[in-house]
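Working notes, structure below.
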Amino acid sequence: MPPLRVSEWRKLPLSLTELCIDTTLRCGQSFRWQKINDEWNCVLHGRLLSLKQDESHLHYKVTWPKSSASSCKSTPLHKETSKIDMQQGDDTEALLRHYFSLKHDLTALYDQWSGSDPNFKKKAPKFTGIRILTQDAWETLIAFICSSNNHISRISSMVNKLCLHYGPLIGHIGDEAFHDFPSPQALTGKKVEAHLRELGFGYRAKYIAETAMIVSMQKPKGWLESLTNPENPGWAPVPIPAQDEPITYKQAHEELLLLSGVGPKVADCVCLMGLGWSEAVPVDTHVWQIAQRDYHFGKTKTKTFSKLMYHSIGDHFRQIWGPQAGWAQSVLFTANLKSFSEQAAAKPKSVDITVDVKEEIKSESSPNPKRRRTATIVTQIKVEHDEPSGVRMSSRKKRKTRS
C-alpha cells in the first residue's frame, strides 16, 4: 500500500547566508540525512522529510507513513504551527523552524562573533549559513556515544544500522528504506549488545545497551528531557519530573556524565545539539587543534589535553563569543574538517565586467562653436570576489565634459 500522504513541494523564504543545508547537514551534527538526487532526506518525528534549496528558498516535502492513518488526524499539532498549516493538519513548517533554530538571526550572530574575534572574522565568510540543529535529546545522546574515536562517515553508518534494525519503518525513496530513530526501550533487549557487536559497533555496543537500560528503566520518565534548557524547549512535549529550581547547563552536563560511555565532549555535544544549551562547547581533537593553532593554548602542541584544559578552552570561547559560543565553535569546527578543505582554501575568483564610458565633448558659446562629438570607450574591469556571492554587479556611465 502507498503511504498515507505525500505533500506537494512547499517553500520557506531563506537565503543561503541564513541557512546552507549542504554544509549544516554534513558537518557532524546529525548523522541520518541522506542525499539522493540532490535532495536531502531524513525521518524526523514520525515523518519523512525531503529538502532542497536554491538561493532564496528552502523547499520541503513531507511523506507520512500509512501506519499513522488513524492517529495523524487526532494528534495535536505543535503550538508553533502556523494558521495555514493548522488548517492543513500539518506542523512540518513549525518543525523545520524549530529544527534549524530559525528564530535566531544568523547574520547578526556572525557579525557579533566577527566583531569579538579576528580569527572567526577571517574564517567565517567561506562558511556562512551554518546553523545548530535542535535535535531529539535521545537520538543525540546515542549518536555521540557512537562518535567516540570515530569519523563522520562511520558514525553515520552506525546510526543508520540502529534505525534499520531497531527503528520503525516510515517510508521509501526508490528502493531506499527510511526508519525513525529507535526508542530507549527498543535498545534494552538481552541480545542488543551482542547484535550491535556483530554489526561492527565494537565497545560502543555495551555503552549503548547500558545507557538505554538506565534511561528507560532506572531513571524516571522524562529524566533526559528534564535536562533541557528551559529557554529552548524540545519539540515533542514530554512530562518531566518536578524540579525545585530550573536546571542549569553545568547541572545538565554533570548529569549526563553519569551515563555509560559519556565523557565531557559527548556530554557537551548532547547539551548543545539535543538539550538547547548554546553555551556548551564540545572540545574534541579538531577543536583542540584550533585552540592550539589559533588561540595559543598549551605550551607545546600535543594531541591530548587534561580535564582542566578542556574546561579552560570552553570558558575561553564562552568569554569571546558569548551565550551562543557552541554555535560559533561549530563554524570553526566545520572549517577545520578535511571534507571541507577545498571550501576553506577557495581563492577569490576573477570576473570580467564590460563598462561603457561615454565621453562627450561639449561646445561653449563662442563665435566659432566647436563640433560636438561623442566617443564610447569600452573598458574591461577585473573584479575579484569569493564564491558564493550574492552581490549584483552593475555598470554605470561616466560623463566627461571638456571645452
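Ligands are numbered from 1 in the order shown, chains are lettered A, B, ... in the order of the C-alpha cells, and residues start at 1 in each chain.
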Spatial neighbours of segment 154-169 of chain A, 8 Å, only C-alpha atoms, chain gap at least 2 places, as a list in words = Phe31, Arg32, Ala143, Cys146, Ser147, Asn150, His151, Ile152, Gly171, Ala177, Phe178, His179, Asp180, Phe181, Pro182, Ser183, Ala186, Leu187, Leu199, Gly200 and Phe201 of chain A
Selection to disk with N, CA and C atoms, as a PDB file, in the first residue's frame:
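Generated file (result_18.pdb):
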```
ATOM      1  N   PHE A  31      23.507  12.618  11.815  1.00  0.00           N
ATOM      2  CA  PHE A  31      24.147  11.564  11.026  1.00  0.00           C
ATOM      3  C   PHE A  31      23.146  10.729  10.228  1.00  0.00           C
ATOM      4  N   ARG A  32      21.917  11.228  10.081  1.00  0.00           N
ATOM      5  CA  ARG A  32      20.894  10.426   9.396  1.00  0.00           C
ATOM      6  C   ARG A  32      20.444  11.002   8.063  1.00  0.00           C
ATOM      7  N   ALA A 143      23.853   8.932  19.257  1.00  0.00           N
ATOM      8  CA  ALA A 143      24.697   9.234  18.093  1.00  0.00           C
ATOM      9  C   ALA A 143      26.099   9.637  18.526  1.00  0.00           C
ATOM     10  N   CYS A 146      28.261   6.908  19.783  1.00  0.00           N
ATOM     11  CA  CYS A 146      28.865   6.253  18.608  1.00  0.00           C
ATOM     12  C   CYS A 146      30.068   7.031  18.078  1.00  0.00           C
ATOM     13  N   SER A 147      30.149   8.321  18.378  1.00  0.00           N
ATOM     14  CA  SER A 147      31.196   9.170  17.806  1.00  0.00           C
ATOM     15  C   SER A 147      32.556   8.973  18.463  1.00  0.00           C
ATOM     16  N   ASN A 150      35.929   8.052  16.405  1.00  0.00           N
ATOM     17  CA  ASN A 150      35.269   7.695  15.150  1.00  0.00           C
ATOM     18  C   ASN A 150      35.265   8.887  14.208  1.00  0.00           C
ATOM     19  N   HIS A 151      34.875   8.650  12.940  1.00  0.00           N
ATOM     20  CA  HIS A 151      34.746   9.737  11.970  1.00  0.00           C
ATOM     21  C   HIS A 151      33.319   9.771  11.426  1.00  0.00           C
ATOM     22  N   ILE A 152      32.972  10.861  10.761  1.00  0.00           N
ATOM     23  CA  ILE A 152      31.582  11.139  10.418  1.00  0.00           C
ATOM     24  C   ILE A 152      30.950  10.036   9.578  1.00  0.00           C
ATOM     25  N   GLY A 171       8.971   5.132   5.499  1.00  0.00           N
ATOM     26  CA  GLY A 171       8.677   5.208   4.074  1.00  0.00           C
ATOM     27  C   GLY A 171       9.899   4.862   3.237  1.00  0.00           C
ATOM     28  N   ALA A 177      14.972   2.410   2.103  1.00  0.00           N
ATOM     29  CA  ALA A 177      14.038   2.450   3.230  1.00  0.00           C
ATOM     30  C   ALA A 177      14.494   3.480   4.255  1.00  0.00           C
ATOM     31  N   PHE A 178      13.543   4.211   4.824  1.00  0.00           N
ATOM     32  CA  PHE A 178      13.842   5.212   5.846  1.00  0.00           C
ATOM     33  C   PHE A 178      13.092   4.870   7.128  1.00  0.00           C
ATOM     34  N   HIS A 179      13.865   4.711   8.211  1.00  0.00           N
ATOM     35  CA  HIS A 179      13.319   4.379   9.518  1.00  0.00           C
ATOM     36  C   HIS A 179      13.518   5.546  10.475  1.00  0.00           C
ATOM     37  N   ASP A 180      12.642   5.622  11.460  1.00  0.00           N
ATOM     38  CA  ASP A 180      12.828   6.606  12.520  1.00  0.00           C
ATOM     39  C   ASP A 180      13.859   6.072  13.503  1.00  0.00           C
ATOM     40  N   PHE A 181      14.332   6.935  14.393  1.00  0.00           N
ATOM     41  CA  PHE A 181      15.333   6.517  15.366  1.00  0.00           C
ATOM     42  C   PHE A 181      14.672   5.651  16.440  1.00  0.00           C
ATOM     43  N   PRO A 182      15.333   4.573  16.884  1.00  0.00           N
ATOM     44  CA  PRO A 182      14.716   3.687  17.882  1.00  0.00           C
ATOM     45  C   PRO A 182      14.579   4.347  19.252  1.00  0.00           C
ATOM     46  N   SER A 183      13.571   3.955  19.994  1.00  0.00           N
ATOM     47  CA  SER A 183      13.348   4.455  21.343  1.00  0.00           C
ATOM     48  C   SER A 183      14.327   3.790  22.313  1.00  0.00           C
ATOM     49  N   ALA A 186      13.512   0.144  22.806  1.00  0.00           N
ATOM     50  CA  ALA A 186      13.836  -0.766  21.704  1.00  0.00           C
ATOM     51  C   ALA A 186      15.270  -1.276  21.783  1.00  0.00           C
ATOM     52  N   LEU A 187      16.120  -0.611  22.570  1.00  0.00           N
ATOM     53  CA  LEU A 187      17.526  -0.990  22.659  1.00  0.00           C
ATOM     54  C   LEU A 187      17.875  -1.641  24.000  1.00  0.00           C
ATOM     55  N   LEU A 199      27.270  -6.100  14.335  1.00  0.00           N
ATOM     56  CA  LEU A 199      27.095  -5.056  13.317  1.00  0.00           C
ATOM     57  C   LEU A 199      28.285  -4.110  13.226  1.00  0.00           C
ATOM     58  N   GLY A 200      29.296  -4.322  14.073  1.00  0.00           N
ATOM     59  CA  GLY A 200      30.506  -3.527  13.977  1.00  0.00           C
ATOM     60  C   GLY A 200      30.613  -2.340  14.923  1.00  0.00           C
ATOM     61  N   PHE A 201      29.826  -2.317  16.000  1.00  0.00           N
ATOM     62  CA  PHE A 201      29.857  -1.200  16.940  1.00  0.00           C
ATOM     63  C   PHE A 201      31.018  -1.293  17.930  1.00  0.00           C
TER      64      PHE A 201
END
```
Can you pull out every residue within 8 Å of Val270 of chain A, counting only C-alpha atoms, but drop anything in the same chain fewer than 2 positions away, and send it as a ChimeraX atom specification?
-> /A:137,140-141,144,266-268,272-275
Those selected residues, please, written with C-alpha atoms and delivered as a tab-separated table (two decimals), in the first residue's frame.
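Heads up, here's the output in part-v3.tsv:
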```tsv
chain	number	residue	atom	x	y	z
A	137	ALA	CA	17.87	14.51	23.02
A	140	THR	CA	21.75	12.97	20.01
A	141	LEU	CA	22.93	11.05	23.08
A	144	PHE	CA	27.53	10.88	20.01
A	266	VAL	CA	29.88	13.73	24.41
A	267	ALA	CA	28.03	15.45	27.25
A	268	ASP	CA	28.66	18.85	25.66
A	272	LEU	CA	24.46	21.80	22.59
A	273	MET	CA	22.54	19.88	19.93
A	274	GLY	CA	20.00	17.89	21.94
A	275	LEU	CA	19.19	19.95	25.03
```
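Reported to one decimal place, the separation of atom CA of Tyr110 of chain A from atom CA of Val281 of chain A is 16.8 Å.
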Smallest atom-to-atom distance to Arg47 of chain A: which of A:Asp90, A:Asp105, A:Glu139, A:Glu193, using only C-alpha atoms?
->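 Closest to Arg47 of chain A, using only C-alpha atoms: A:Asp90.
Shortest atom-to-atom contact with Ile142 of chain A among A:Gln251, A:Thr128, A:Ser101, A:Ser30: A:Ser30, counting only C-alpha atoms.
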Name all residues at most 10 Å from Ala209 of chain A (count only C-alpha atoms; drop same-chain ones fewer than 5 positions away) and give them as a ChimeraX atom specification.
-> /A:142,184-194,196,204,214,260
For segment 105-214 of chain A versus segment 311-325 of chain A, which residues have an atom no more than 9 Å away, and what is each residue's nearest atom pair and distance in Å rounded to one decimal, using only C-alpha atoms, chain-then-number order, as a tab-separated table?
```
residue	atom	partner	partner_atom	distance
A:Leu109	CA	A:Gln324	CA	8.4
A:Gln112	CA	A:Trp321	CA	7.8
A:Trp113	CA	A:Trp321	CA	5.6
A:Ser114	CA	A:Trp321	CA	8.9
A:Ser116	CA	A:Ile320	CA	6.2
A:Asp117	CA	A:Ile320	CA	6.8
```
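Of the listed residues (A:Leu256, A:Glu176, A:Lys123, A:Asn149), A:Leu256 comes nearest to Val215 of chain A; the distances count only C-alpha atoms.
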If you run DSSP on the backbone, which residues of segment 94-308 of chain A are strand (DSSP E), as a count of residues only?
-> 9
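With only C-alpha atoms as the atoms that count, the minimum distance from Ala328 of chain A to the choices A:Leu49, A:Ile132, A:Ile247, A:Cys269 is reached by A:Ile132.
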Nearest to Ala205 of chain A: which of A:Ser330, A:Leu258, A:Ser148, A:Val287 is it, counting only C-alpha atoms?
-> A:Ser148
